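Participant: I have a structure I would like to understand better, so I am pasting it below and will then ask my questions one at a time.
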Amino acid sequence: MAERERVMRMSVEQPLWRALTGYRVLTMLYAVGLFATAYDTFTRPWVAVTYYCVLFVWTLATLPRVANAANCTKRFLAADLTVALTGILLTPVADAHERIVDGGPTLPSIWTAGSVLAFAVKGGWRWAAFASTAVAVANLVERGVPARDTVHNVILVWVASIAIGYVVEVARASERTLARALEIEAATRERERLARDIHDGVLQVLAMVQRRGAVMGGEGAELGRMAGEQEVALRTLVSGGLVPVSRASEDAALGAVVRTVEEPDDDGPLDLRALLARYAAAKVGLAGPGAPVLLPPAAATELAAAVGAALDNVREHAGEEARAWILVEDEPDSVVVTVRDDGPGIPEGRLAQAEGEGRLGVALSIRGRLRDLGGSAELISVPGQGTEVELTVPKDTKVSRGKAEQR
């Protein structure tokens, strides 16, 4: 099958990863520079030198890890935070006590904030709160007493990291919403393209066959009637926008990825509208929401089969000239399909009589299917005013594909 693909990427998260990469390098150099200017005041400078060598190598070696969300794993974040906390706790060992009391910087200095921000960008404000709390505890242990400047710095890091984490979560939610909007736009464009192509060819031919057949009479009239029904069904299919649109993202850090592609059905949810479209004809109308009505494959197949059984009953008991209407409603927790006809209706007690005679079309083909799905089937009929069948299926149905295939 030929594929037509259009990919659009939008991201507010990826620039944050690029900024974090630069921040880590610059703050590492800043921490080394602070040490170089105060080298003579350190009581054990070799401890600091050893730590800075590790910090230098770690920062440069892990730059690819902070390039995007996929590479920034939980294991890396834990190791990175450990490097920062170790530097804080080693400060009293390497530096003079007087400098620490006077509010001197820790060994990693502001490099520690980069580690906390990595938590914020990766996991949101909850991860940021965890990392910043660990840094706060380490700073209080390093200082020995909750001095004013220490508390100020701790609160600053804590608030800033949580705020950034929250902004990242909001940005991701916005990207998902935008991706959905672009997905609908892509489906609409594809539907319009197909509608133009079909209207210019197939629909015009079917309409011409219907007109010529009506003039010819006899078998030609029957052929024209069938062409008319297929024209209505095809118009319903095109206007319903039943074009499958894949939703894929190779890398979440790249933002929303919308891909329009023709592809075969898989084991994912099915659009009930596509299954019901084949029932639309000259005397069967189909109405439903503009957005896909998604159900598990087995549930969608069984529900469509129940609709087909209801339409069979219309043709058998209401006659070939009866009209029927299918209405699809997508509720928050369920899907409701109503099949209504303008036939003579069902006399009172007729269904019970049919079951007693072993004619179980309604009992098994309709109610039985809905019962297996955890749903219900309500039948309302008034003699002389037609019949209405309301089929309700919960969206979280657990029916298996095997059960659907056994019917």
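In the structure tokens, chains take letters A, B, ... by order of appearance, with residues numbered from 1 within each chain and ligands from 1 in the order shown.
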In segment 70-133 of chain A, what's helix (DSSP H, G or I) per DSSP? Answer as a PDB file with C-alpha atoms, in the first residue's frame?
Facilitator:
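Final output, result.pdb:
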```pdb
ATOM      1  CA  LYS A  74      16.380   7.270  36.265  1.00  0.00           C
ATOM      2  CA  ARG A  75      19.672   5.499  36.872  1.00  0.00           C
ATOM      3  CA  PHE A  76      21.617   8.424  35.416  1.00  0.00           C
ATOM      4  CA  LEU A  77      19.640  10.949  37.483  1.00  0.00           C
ATOM      5  CA  ALA A  78      20.372   9.003  40.669  1.00  0.00           C
ATOM      6  CA  ALA A  79      24.096   8.860  39.867  1.00  0.00           C
ATOM      7  CA  ASP A  80      24.190  12.548  38.921  1.00  0.00           C
ATOM      8  CA  LEU A  81      22.498  13.587  42.159  1.00  0.00           C
ATOM      9  CA  THR A  82      24.934  11.379  44.090  1.00  0.00           C
ATOM     10  CA  VAL A  83      27.874  13.260  42.533  1.00  0.00           C
ATOM     11  CA  ALA A  84      26.352  16.575  43.624  1.00  0.00           C
ATOM     12  CA  LEU A  85      25.524  15.420  47.163  1.00  0.00           C
ATOM     13  CA  THR A  86      28.989  13.882  47.574  1.00  0.00           C
ATOM     14  CA  GLY A  87      30.607  17.198  46.660  1.00  0.00           C
ATOM     15  CA  ILE A  88      28.460  19.045  49.199  1.00  0.00           C
ATOM     16  CA  LEU A  89      29.287  16.604  51.999  1.00  0.00           C
ATOM     17  CA  LEU A  90      33.025  16.624  51.125  1.00  0.00           C
ATOM     18  CA  THR A  91      33.220  20.396  51.478  1.00  0.00           C
ATOM     19  CA  PRO A  92      33.930  20.364  55.259  1.00  0.00           C
ATOM     20  CA  VAL A  93      36.702  17.828  54.641  1.00  0.00           C
ATOM     21  CA  ALA A  94      38.457  19.914  52.004  1.00  0.00           C
ATOM     22  CA  HIS A  97      35.942  25.680  58.793  1.00  0.00           C
ATOM     23  CA  GLU A  98      36.074  29.457  58.846  1.00  0.00           C
ATOM     24  CA  ARG A  99      35.111  29.722  55.191  1.00  0.00           C
ATOM     25  CA  ILE A 100      32.192  27.354  55.724  1.00  0.00           C
ATOM     26  CA  VAL A 101      30.953  29.384  58.724  1.00  0.00           C
ATOM     27  CA  TRP A 111      26.503  22.968  39.508  1.00  0.00           C
ATOM     28  CA  THR A 112      24.202  21.186  41.959  1.00  0.00           C
ATOM     29  CA  ALA A 113      21.212  23.107  40.586  1.00  0.00           C
ATOM     30  CA  GLY A 114      21.803  21.506  37.176  1.00  0.00           C
ATOM     31  CA  SER A 115      21.314  18.076  38.681  1.00  0.00           C
ATOM     32  CA  VAL A 116      18.069  19.181  40.320  1.00  0.00           C
ATOM     33  CA  LEU A 117      16.839  20.786  37.092  1.00  0.00           C
ATOM     34  CA  ALA A 118      17.447  17.530  35.238  1.00  0.00           C
ATOM     35  CA  PHE A 119      14.978  15.905  37.624  1.00  0.00           C
ATOM     36  CA  ALA A 120      12.495  18.719  36.965  1.00  0.00           C
ATOM     37  CA  VAL A 121      12.674  18.514  33.174  1.00  0.00           C
ATOM     38  CA  LYS A 122      12.537  14.743  33.138  1.00  0.00           C
ATOM     39  CA  GLY A 123       9.832  14.020  35.695  1.00  0.00           C
ATOM     40  CA  TRP A 125       7.570  19.035  39.830  1.00  0.00           C
ATOM     41  CA  ARG A 126       7.337  15.894  42.025  1.00  0.00           C
ATOM     42  CA  TRP A 127      10.741  14.656  40.912  1.00  0.00           C
ATOM     43  CA  ALA A 128      12.108  18.174  41.364  1.00  0.00           C
ATOM     44  CA  ALA A 129      10.760  18.322  44.920  1.00  0.00           C
ATOM     45  CA  PHE A 130      12.506  15.038  45.755  1.00  0.00           C
ATOM     46  CA  ALA A 131      15.892  16.110  44.350  1.00  0.00           C
ATOM     47  CA  SER A 132      15.799  19.616  45.840  1.00  0.00           C
ATOM     48  CA  THR A 133      14.876  18.202  49.266  1.00  0.00           C
TER      49      THR A 133
END
```
Participant: Please indicate the distance in Å from atom CA of Arg18 of chain A to atom CA of Ala69 of chain A, rounded to one decimal place.
Facilitator: 11.1 Å
Participant: From the list A:Thr392, A:Gln385, A:Thr338, A:Ser161, which residue is nearest Ala299 of chain A when using only C-alpha atoms?
Facilitator: A:Thr392
Participant: Please provide as number ranges by chain all residues within 6 Å of Phe42 of chain A, with the sequence filter that same-chain residues fewer than 2 positions apart are discarded (counting only C-alpha atoms).
Facilitator: A: 39-40, 44-45, 95-96
Participant: Can I get the selected residues back with N, CA and C atoms, as a PDB file, in the first residue's frame?
Facilitator:
```
ATOM      1  N   TYR A  39      42.480  28.555  46.308  1.00  0.00           N
ATOM      2  CA  TYR A  39      43.223  27.315  46.538  1.00  0.00           C
ATOM      3  C   TYR A  39      43.986  27.354  47.860  1.00  0.00           C
ATOM      4  N   ASP A  40      44.607  28.490  48.182  1.00  0.00           N
ATOM      5  CA  ASP A  40      45.458  28.578  49.372  1.00  0.00           C
ATOM      6  C   ASP A  40      44.669  28.477  50.670  1.00  0.00           C
ATOM      7  N   ARG A  44      42.660  20.886  52.907  1.00  0.00           N
ATOM      8  CA  ARG A  44      43.034  19.653  52.173  1.00  0.00           C
ATOM      9  C   ARG A  44      42.702  19.843  50.698  1.00  0.00           C
ATOM     10  N   PRO A  45      43.504  20.612  50.009  1.00  0.00           N
ATOM     11  CA  PRO A  45      43.196  20.905  48.598  1.00  0.00           C
ATOM     12  C   PRO A  45      43.180  19.667  47.714  1.00  0.00           C
ATOM     13  N   ASP A  95      37.620  22.061  52.763  1.00  0.00           N
ATOM     14  CA  ASP A  95      37.701  23.503  52.975  1.00  0.00           C
ATOM     15  C   ASP A  95      37.909  23.827  54.455  1.00  0.00           C
ATOM     16  N   ALA A  96      38.346  25.057  54.691  1.00  0.00           N
ATOM     17  CA  ALA A  96      38.567  25.520  56.064  1.00  0.00           C
ATOM     18  C   ALA A  96      37.229  25.781  56.744  1.00  0.00           C
TER      19      ALA A  96
END
```
Participant: Restricting the calculation to only C-alpha atoms, which member of A:Ala160, A:Val336, A:Ile366, A:Leu272 is positioned closest to Gly290 of chain A?
Facilitator: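 The answer is A:Leu272, which sits nearest to Gly290 of chain A.
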Participant: Rounded to one decimal in Å, what is the spacing between atom CA of Gly288 of chain A and atom CA of Leu327 of chain A?
Facilitator: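 Distance between the two atoms: 5.8 Å.
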Participant: Measuring atom to atom with only C-alpha atoms, identify which of A:Gly217, A:Gly368, A:Pro383, A:Gly103 is nearest to Asp342 of chain A.
Facilitator: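 Looking at the shortest contact to Asp342 of chain A, the residue is A:Pro383.
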Participant: So that I can see what lies close to segment 282-286 of chain A, please list as a ChimeraX atom specification the residues with an atom at most 10 Å from it, counting only C-alpha atoms and leaving out residues fewer than 3 positions away in the same chain.
Facilitator: /A:225-233,236-237,240,273,276-279,311,320-328,339-341
Participant: Find the residues near Pro332 of chain A: any atom within 12 Å, counting only C-alpha atoms, skip ones fewer than 6 places away on the same chain, and give them as a VMD selection string.
Facilitator: chain A and resid 293 to 294 393 to 396
Participant: Write out the residues from the selection above, keeping N, CA, C and O atoms, as a short mmCIF file (atom, residue, chain, number, x, y, z; two decimals), in the first residue's frame.
Facilitator:
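Now in result_12.cif:
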```cif
data_model
loop_
_atom_site.label_atom_id
_atom_site.label_comp_id
_atom_site.auth_asym_id
_atom_site.auth_seq_id
_atom_site.Cartn_x
_atom_site.Cartn_y
_atom_site.Cartn_z
N VAL A 293 -15.11 7.03 17.19
CA VAL A 293 -15.75 6.38 18.35
C VAL A 293 -14.98 5.08 18.57
O VAL A 293 -15.22 4.08 17.90
N LEU A 294 -14.03 5.10 19.50
CA LEU A 294 -13.08 4.00 19.67
C LEU A 294 -13.58 2.99 20.70
O LEU A 294 -14.02 3.36 21.78
N VAL A 393 -22.92 -0.15 25.27
CA VAL A 393 -21.72 -0.94 25.56
C VAL A 393 -20.76 -0.07 26.37
O VAL A 393 -20.45 1.05 25.96
N PRO A 394 -20.26 -0.56 27.53
CA PRO A 394 -19.27 0.22 28.28
C PRO A 394 -17.93 0.25 27.54
O PRO A 394 -17.57 -0.70 26.85
N LYS A 395 -17.21 1.35 27.67
CA LYS A 395 -15.94 1.48 26.97
C LYS A 395 -14.84 0.60 27.55
O LYS A 395 -13.86 0.29 26.88
N ASP A 396 -14.97 0.23 28.83
CA ASP A 396 -13.93 -0.60 29.46
C ASP A 396 -14.27 -2.08 29.41
O ASP A 396 -13.86 -2.85 30.26
#
```
Participant: Enumerate, as a PDB file with N, CA, C and O atoms, in the first residue's frame, the complete set of residues in segment 271-353 of chain A that a backbone-based DSSP assignment places in strand (DSSP E or B).
Facilitator:
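So the final result, stored in part30.pdb, reads:
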```pdb
ATOM      1  N   ASP A 271     -12.490   2.167  15.205  1.00  0.00           N
ATOM      2  CA  ASP A 271     -13.491   3.225  15.085  1.00  0.00           C
ATOM      3  C   ASP A 271     -14.817   2.573  14.706  1.00  0.00           C
ATOM      4  O   ASP A 271     -14.963   2.016  13.615  1.00  0.00           O
ATOM      5  N   ALA A 281     -27.273   2.971   3.537  1.00  0.00           N
ATOM      6  CA  ALA A 281     -27.802   2.743   2.195  1.00  0.00           C
ATOM      7  C   ALA A 281     -28.885   3.768   1.926  1.00  0.00           C
ATOM      8  O   ALA A 281     -29.099   4.701   2.718  1.00  0.00           O
ATOM      9  N   VAL A 284     -31.287   3.396   4.711  1.00  0.00           N
ATOM     10  CA  VAL A 284     -30.692   3.286   6.048  1.00  0.00           C
ATOM     11  C   VAL A 284     -29.777   4.487   6.268  1.00  0.00           C
ATOM     12  O   VAL A 284     -28.745   4.607   5.609  1.00  0.00           O
ATOM     13  N   GLY A 285     -30.164   5.383   7.156  1.00  0.00           N
ATOM     14  CA  GLY A 285     -29.351   6.553   7.450  1.00  0.00           C
ATOM     15  C   GLY A 285     -28.406   6.298   8.612  1.00  0.00           C
ATOM     16  O   GLY A 285     -28.716   5.511   9.514  1.00  0.00           O
ATOM     17  N   LEU A 286     -27.265   6.947   8.584  1.00  0.00           N
ATOM     18  CA  LEU A 286     -26.254   6.792   9.642  1.00  0.00           C
ATOM     19  C   LEU A 286     -25.836   8.172  10.111  1.00  0.00           C
ATOM     20  O   LEU A 286     -25.426   9.014   9.312  1.00  0.00           O
ATOM     21  N   ALA A 287     -25.945   8.397  11.411  1.00  0.00           N
ATOM     22  CA  ALA A 287     -25.533   9.675  12.001  1.00  0.00           C
ATOM     23  C   ALA A 287     -24.684   9.385  13.231  1.00  0.00           C
ATOM     24  O   ALA A 287     -24.953   8.452  13.985  1.00  0.00           O
ATOM     25  N   LEU A 294     -14.026   5.103  19.503  1.00  0.00           N
ATOM     26  CA  LEU A 294     -13.083   4.002  19.668  1.00  0.00           C
ATOM     27  C   LEU A 294     -13.576   2.991  20.700  1.00  0.00           C
ATOM     28  O   LEU A 294     -14.024   3.358  21.782  1.00  0.00           O
ATOM     29  N   LEU A 295     -13.460   1.704  20.332  1.00  0.00           N
ATOM     30  CA  LEU A 295     -13.777   0.587  21.224  1.00  0.00           C
ATOM     31  C   LEU A 295     -12.746  -0.516  20.996  1.00  0.00           C
ATOM     32  O   LEU A 295     -12.130  -0.583  19.926  1.00  0.00           O
ATOM     33  N   ALA A 324     -34.829   2.936   7.927  1.00  0.00           N
ATOM     34  CA  ALA A 324     -34.197   2.762   9.240  1.00  0.00           C
ATOM     35  C   ALA A 324     -33.138   3.839   9.431  1.00  0.00           C
ATOM     36  O   ALA A 324     -32.577   4.361   8.460  1.00  0.00           O
ATOM     37  N   TRP A 325     -32.877   4.148  10.687  1.00  0.00           N
ATOM     38  CA  TRP A 325     -31.874   5.160  11.030  1.00  0.00           C
ATOM     39  C   TRP A 325     -30.974   4.602  12.132  1.00  0.00           C
ATOM     40  O   TRP A 325     -31.452   3.989  13.093  1.00  0.00           O
ATOM     41  N   ILE A 326     -29.675   4.829  11.974  1.00  0.00           N
ATOM     42  CA  ILE A 326     -28.681   4.415  12.974  1.00  0.00           C
ATOM     43  C   ILE A 326     -28.088   5.682  13.583  1.00  0.00           C
ATOM     44  O   ILE A 326     -27.558   6.529  12.865  1.00  0.00           O
ATOM     45  N   LEU A 327     -28.155   5.794  14.899  1.00  0.00           N
ATOM     46  CA  LEU A 327     -27.595   6.947  15.611  1.00  0.00           C
ATOM     47  C   LEU A 327     -26.528   6.462  16.579  1.00  0.00           C
ATOM     48  O   LEU A 327     -26.786   5.593  17.414  1.00  0.00           O
ATOM     49  N   VAL A 328     -25.321   7.009  16.462  1.00  0.00           N
ATOM     50  CA  VAL A 328     -24.194   6.635  17.321  1.00  0.00           C
ATOM     51  C   VAL A 328     -23.920   7.785  18.284  1.00  0.00           C
ATOM     52  O   VAL A 328     -23.747   8.930  17.855  1.00  0.00           O
ATOM     53  N   GLU A 329     -23.868   7.478  19.583  1.00  0.00           N
ATOM     54  CA  GLU A 329     -23.593   8.474  20.609  1.00  0.00           C
ATOM     55  C   GLU A 329     -22.381   8.020  21.432  1.00  0.00           C
ATOM     56  O   GLU A 329     -22.359   6.911  21.950  1.00  0.00           O
ATOM     57  N   ASP A 330     -21.393   8.891  21.523  1.00  0.00           N
ATOM     58  CA  ASP A 330     -20.158   8.592  22.257  1.00  0.00           C
ATOM     59  C   ASP A 330     -20.236   9.260  23.622  1.00  0.00           C
ATOM     60  O   ASP A 330     -19.947  10.449  23.772  1.00  0.00           O
ATOM     61  N   SER A 334     -19.492   5.102  27.980  1.00  0.00           N
ATOM     62  CA  SER A 334     -20.133   4.074  27.162  1.00  0.00           C
ATOM     63  C   SER A 334     -20.391   4.597  25.761  1.00  0.00           C
ATOM     64  O   SER A 334     -20.267   5.787  25.495  1.00  0.00           O
ATOM     65  N   VAL A 335     -20.748   3.664  24.885  1.00  0.00           N
ATOM     66  CA  VAL A 335     -21.144   3.986  23.518  1.00  0.00           C
ATOM     67  C   VAL A 335     -22.574   3.486  23.338  1.00  0.00           C
ATOM     68  O   VAL A 335     -22.884   2.331  23.666  1.00  0.00           O
ATOM     69  N   VAL A 336     -23.439   4.353  22.853  1.00  0.00           N
ATOM     70  CA  VAL A 336     -24.853   4.007  22.667  1.00  0.00           C
ATOM     71  C   VAL A 336     -25.176   4.080  21.176  1.00  0.00           C
ATOM     72  O   VAL A 336     -24.925   5.104  20.530  1.00  0.00           O
ATOM     73  N   VAL A 337     -25.721   2.985  20.639  1.00  0.00           N
ATOM     74  CA  VAL A 337     -26.139   2.938  19.239  1.00  0.00           C
ATOM     75  C   VAL A 337     -27.643   2.658  19.220  1.00  0.00           C
ATOM     76  O   VAL A 337     -28.103   1.672  19.804  1.00  0.00           O
ATOM     77  N   THR A 338     -28.391   3.530  18.557  1.00  0.00           N
ATOM     78  CA  THR A 338     -29.842   3.375  18.460  1.00  0.00           C
ATOM     79  C   THR A 338     -30.216   3.056  17.017  1.00  0.00           C
ATOM     80  O   THR A 338     -29.787   3.761  16.095  1.00  0.00           O
ATOM     81  N   VAL A 339     -31.000   2.000  16.830  1.00  0.00           N
ATOM     82  CA  VAL A 339     -31.508   1.621  15.518  1.00  0.00           C
ATOM     83  C   VAL A 339     -33.027   1.807  15.549  1.00  0.00           C
ATOM     84  O   VAL A 339     -33.718   1.157  16.340  1.00  0.00           O
ATOM     85  N   ARG A 340     -33.548   2.686  14.706  1.00  0.00           N
ATOM     86  CA  ARG A 340     -34.970   3.008  14.686  1.00  0.00           C
ATOM     87  C   ARG A 340     -35.524   2.798  13.287  1.00  0.00           C
ATOM     88  O   ARG A 340     -34.834   3.060  12.287  1.00  0.00           O
ATOM     89  N   ASP A 341     -36.750   2.320  13.177  1.00  0.00           N
ATOM     90  CA  ASP A 341     -37.378   2.139  11.862  1.00  0.00           C
ATOM     91  C   ASP A 341     -38.786   2.727  11.890  1.00  0.00           C
ATOM     92  O   ASP A 341     -39.328   3.054  12.950  1.00  0.00           O
TER      93      ASP A 341
END
```
Participant: Could you give me, as a list in words, the residues within 8 Å of segment 369-380 of chain A, counting only C-alpha atoms and dropping anything in the same chain fewer than 6 positions from it?
Facilitator: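 Returned residues: Ala299, Glu302, Leu303, Ala306, Thr387, Glu388, Val389, Glu390, Leu391, Thr392, Val393, Pro394, Thr397, Lys398 and Val399 of chain A.
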Participant: Residues of the last selection are to be written out with N, CA and C atoms, as a PDB file, in the first residue's frame.
Facilitator:
```
ATOM      1  N   ALA A 299     -15.126  -5.764  21.001  1.00  0.00           N
ATOM      2  CA  ALA A 299     -16.362  -5.083  21.385  1.00  0.00           C
ATOM      3  C   ALA A 299     -16.960  -4.340  20.199  1.00  0.00           C
ATOM      4  N   GLU A 302     -18.553  -6.933  17.789  1.00  0.00           N
ATOM      5  CA  GLU A 302     -19.790  -7.497  18.306  1.00  0.00           C
ATOM      6  C   GLU A 302     -20.927  -6.477  18.267  1.00  0.00           C
ATOM      7  N   LEU A 303     -20.621  -5.232  18.607  1.00  0.00           N
ATOM      8  CA  LEU A 303     -21.652  -4.204  18.584  1.00  0.00           C
ATOM      9  C   LEU A 303     -22.136  -3.965  17.149  1.00  0.00           C
ATOM     10  N   ALA A 306     -24.426  -6.719  16.208  1.00  0.00           N
ATOM     11  CA  ALA A 306     -25.750  -6.555  16.805  1.00  0.00           C
ATOM     12  C   ALA A 306     -26.578  -5.540  16.023  1.00  0.00           C
ATOM     13  N   THR A 387     -40.207   0.660  15.522  1.00  0.00           N
ATOM     14  CA  THR A 387     -39.459  -0.009  16.596  1.00  0.00           C
ATOM     15  C   THR A 387     -38.129   0.706  16.815  1.00  0.00           C
ATOM     16  N   GLU A 388     -37.697   0.772  18.056  1.00  0.00           N
ATOM     17  CA  GLU A 388     -36.413   1.391  18.404  1.00  0.00           C
ATOM     18  C   GLU A 388     -35.625   0.437  19.286  1.00  0.00           C
ATOM     19  N   VAL A 389     -34.384   0.153  18.886  1.00  0.00           N
ATOM     20  CA  VAL A 389     -33.492  -0.724  19.644  1.00  0.00           C
ATOM     21  C   VAL A 389     -32.309   0.113  20.110  1.00  0.00           C
ATOM     22  N   GLU A 390     -32.101   0.180  21.409  1.00  0.00           N
ATOM     23  CA  GLU A 390     -30.999   0.965  21.981  1.00  0.00           C
ATOM     24  C   GLU A 390     -29.947   0.015  22.535  1.00  0.00           C
ATOM     25  N   LEU A 391     -28.749   0.065  21.967  1.00  0.00           N
ATOM     26  CA  LEU A 391     -27.649  -0.821  22.341  1.00  0.00           C
ATOM     27  C   LEU A 391     -26.601  -0.001  23.097  1.00  0.00           C
ATOM     28  N   THR A 392     -26.274  -0.426  24.311  1.00  0.00           N
ATOM     29  CA  THR A 392     -25.308   0.296  25.150  1.00  0.00           C
ATOM     30  C   THR A 392     -24.156  -0.631  25.513  1.00  0.00           C
ATOM     31  N   VAL A 393     -22.921  -0.148  25.270  1.00  0.00           N
ATOM     32  CA  VAL A 393     -21.718  -0.938  25.565  1.00  0.00           C
ATOM     33  C   VAL A 393     -20.760  -0.072  26.373  1.00  0.00           C
ATOM     34  N   PRO A 394     -20.262  -0.556  27.527  1.00  0.00           N
ATOM     35  CA  PRO A 394     -19.266   0.224  28.282  1.00  0.00           C
ATOM     36  C   PRO A 394     -17.934   0.254  27.541  1.00  0.00           C
ATOM     37  N   THR A 397     -15.037  -2.501  28.400  1.00  0.00           N
ATOM     38  CA  THR A 397     -15.416  -3.900  28.283  1.00  0.00           C
ATOM     39  C   THR A 397     -14.189  -4.780  28.129  1.00  0.00           C
ATOM     40  N   LYS A 398     -14.227  -5.965  28.739  1.00  0.00           N
ATOM     41  CA  LYS A 398     -13.088  -6.884  28.736  1.00  0.00           C
ATOM     42  C   LYS A 398     -13.315  -8.081  27.814  1.00  0.00           C
ATOM     43  N   VAL A 399     -14.317  -8.017  26.930  1.00  0.00           N
ATOM     44  CA  VAL A 399     -14.598  -9.154  26.070  1.00  0.00           C
ATOM     45  C   VAL A 399     -13.380  -9.476  25.226  1.00  0.00           C
TER      46      VAL A 399
END
```
Participant: List as a list in words the protein and nucleic acid residues near segment 60-66 of chain A, meaning an atom at most 9 Å away when only C-alpha atoms are counted, but skip any in the same chain fewer than 4 places from it.
Facilitator: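 After dropping sequence-adjacent residues, the list is Trp17, Arg18, Leu20, Thr21, Gly22, Arg24, Val25, Leu55, Phe56, Ala70, Asn71, Cys72, Thr73, Phe76 and Ala118 of chain A.
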Participant: Can I get the selected residues back with N, CA, C and O atoms, as a PDB file, in the first residue's frame?
Facilitator:
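Result file is selection-v5.pdb:
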```pdb
ATOM      1  N   TRP A  17      16.395  21.047  27.412  1.00  0.00           N
ATOM      2  CA  TRP A  17      17.510  20.100  27.505  1.00  0.00           C
ATOM      3  C   TRP A  17      18.797  20.728  26.961  1.00  0.00           C
ATOM      4  O   TRP A  17      19.882  20.525  27.522  1.00  0.00           O
ATOM      5  N   ARG A  18      18.679  21.489  25.873  1.00  0.00           N
ATOM      6  CA  ARG A  18      19.879  22.148  25.336  1.00  0.00           C
ATOM      7  C   ARG A  18      20.415  23.170  26.337  1.00  0.00           C
ATOM      8  O   ARG A  18      21.644  23.272  26.531  1.00  0.00           O
ATOM      9  N   LEU A  20      20.048  23.079  29.553  1.00  0.00           N
ATOM     10  CA  LEU A  20      20.605  22.354  30.682  1.00  0.00           C
ATOM     11  C   LEU A  20      22.005  21.839  30.368  1.00  0.00           C
ATOM     12  O   LEU A  20      22.890  21.848  31.234  1.00  0.00           O
ATOM     13  N   THR A  21      22.208  21.391  29.138  1.00  0.00           N
ATOM     14  CA  THR A  21      23.543  20.928  28.735  1.00  0.00           C
ATOM     15  C   THR A  21      24.566  22.040  28.866  1.00  0.00           C
ATOM     16  O   THR A  21      25.655  21.855  29.435  1.00  0.00           O
ATOM     17  N   GLY A  22      24.231  23.231  28.352  1.00  0.00           N
ATOM     18  CA  GLY A  22      25.155  24.350  28.474  1.00  0.00           C
ATOM     19  C   GLY A  22      25.350  24.783  29.914  1.00  0.00           C
ATOM     20  O   GLY A  22      26.466  25.146  30.322  1.00  0.00           O
ATOM     21  N   ARG A  24      25.286  22.972  32.628  1.00  0.00           N
ATOM     22  CA  ARG A  24      26.161  22.047  33.363  1.00  0.00           C
ATOM     23  C   ARG A  24      27.631  22.313  33.055  1.00  0.00           C
ATOM     24  O   ARG A  24      28.485  22.266  33.959  1.00  0.00           O
ATOM     25  N   VAL A  25      27.941  22.586  31.793  1.00  0.00           N
ATOM     26  CA  VAL A  25      29.333  22.844  31.426  1.00  0.00           C
ATOM     27  C   VAL A  25      29.819  24.152  32.052  1.00  0.00           C
ATOM     28  O   VAL A  25      30.911  24.220  32.653  1.00  0.00           O
ATOM     29  N   LEU A  55      34.363  15.566  38.752  1.00  0.00           N
ATOM     30  CA  LEU A  55      33.271  16.404  38.264  1.00  0.00           C
ATOM     31  C   LEU A  55      33.493  16.800  36.804  1.00  0.00           C
ATOM     32  O   LEU A  55      32.539  16.800  35.995  1.00  0.00           O
ATOM     33  N   PHE A  56      34.744  17.117  36.449  1.00  0.00           N
ATOM     34  CA  PHE A  56      35.061  17.517  35.078  1.00  0.00           C
ATOM     35  C   PHE A  56      34.776  16.371  34.104  1.00  0.00           C
ATOM     36  O   PHE A  56      34.095  16.551  33.088  1.00  0.00           O
ATOM     37  N   ALA A  70      14.788  10.828  26.506  1.00  0.00           N
ATOM     38  CA  ALA A  70      14.982   9.390  26.349  1.00  0.00           C
ATOM     39  C   ALA A  70      16.312   8.938  26.947  1.00  0.00           C
ATOM     40  O   ALA A  70      16.406   7.868  27.555  1.00  0.00           O
ATOM     41  N   ASN A  71      17.361   9.743  26.769  1.00  0.00           N
ATOM     42  CA  ASN A  71      18.692   9.365  27.285  1.00  0.00           C
ATOM     43  C   ASN A  71      18.832   9.618  28.782  1.00  0.00           C
ATOM     44  O   ASN A  71      19.675   9.010  29.439  1.00  0.00           O
ATOM     45  N   CYS A  72      18.039  10.522  29.306  1.00  0.00           N
ATOM     46  CA  CYS A  72      18.147  10.880  30.731  1.00  0.00           C
ATOM     47  C   CYS A  72      17.334   9.880  31.558  1.00  0.00           C
ATOM     48  O   CYS A  72      16.173  10.119  31.887  1.00  0.00           O
ATOM     49  N   THR A  73      17.942   8.767  31.880  1.00  0.00           N
ATOM     50  CA  THR A  73      17.247   7.694  32.593  1.00  0.00           C
ATOM     51  C   THR A  73      17.243   7.946  34.103  1.00  0.00           C
ATOM     52  O   THR A  73      17.964   8.804  34.620  1.00  0.00           O
ATOM     53  N   PHE A  76      20.696   7.301  35.585  1.00  0.00           N
ATOM     54  CA  PHE A  76      21.617   8.424  35.416  1.00  0.00           C
ATOM     55  C   PHE A  76      21.303   9.549  36.406  1.00  0.00           C
ATOM     56  O   PHE A  76      22.198  10.138  37.014  1.00  0.00           O
ATOM     57  N   ALA A 118      17.621  18.722  36.067  1.00  0.00           N
ATOM     58  CA  ALA A 118      17.447  17.530  35.238  1.00  0.00           C
ATOM     59  C   ALA A 118      16.272  16.696  35.738  1.00  0.00           C
ATOM     60  O   ALA A 118      15.479  16.164  34.951  1.00  0.00           O
TER      61      ALA A 118
END
```
Participant: What does the distance from atom CA of Leu29 of chain A to atom CA of Thr41 of chain A come to in Å, to one decimal?
Facilitator: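 Between atom CA of Leu29 of chain A and atom CA of Thr41 of chain A the gap is 19.3 Å.
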Participant: Using only C-alpha atoms, which of A:Val141, A:Glu169, A:Ile110, A:Leu178 sits nearest Val157 of chain A?
Facilitator: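 Between A:Val141, A:Glu169, A:Ile110, A:Leu178, the residue approaching Val157 of chain A most closely is A:Ile110.
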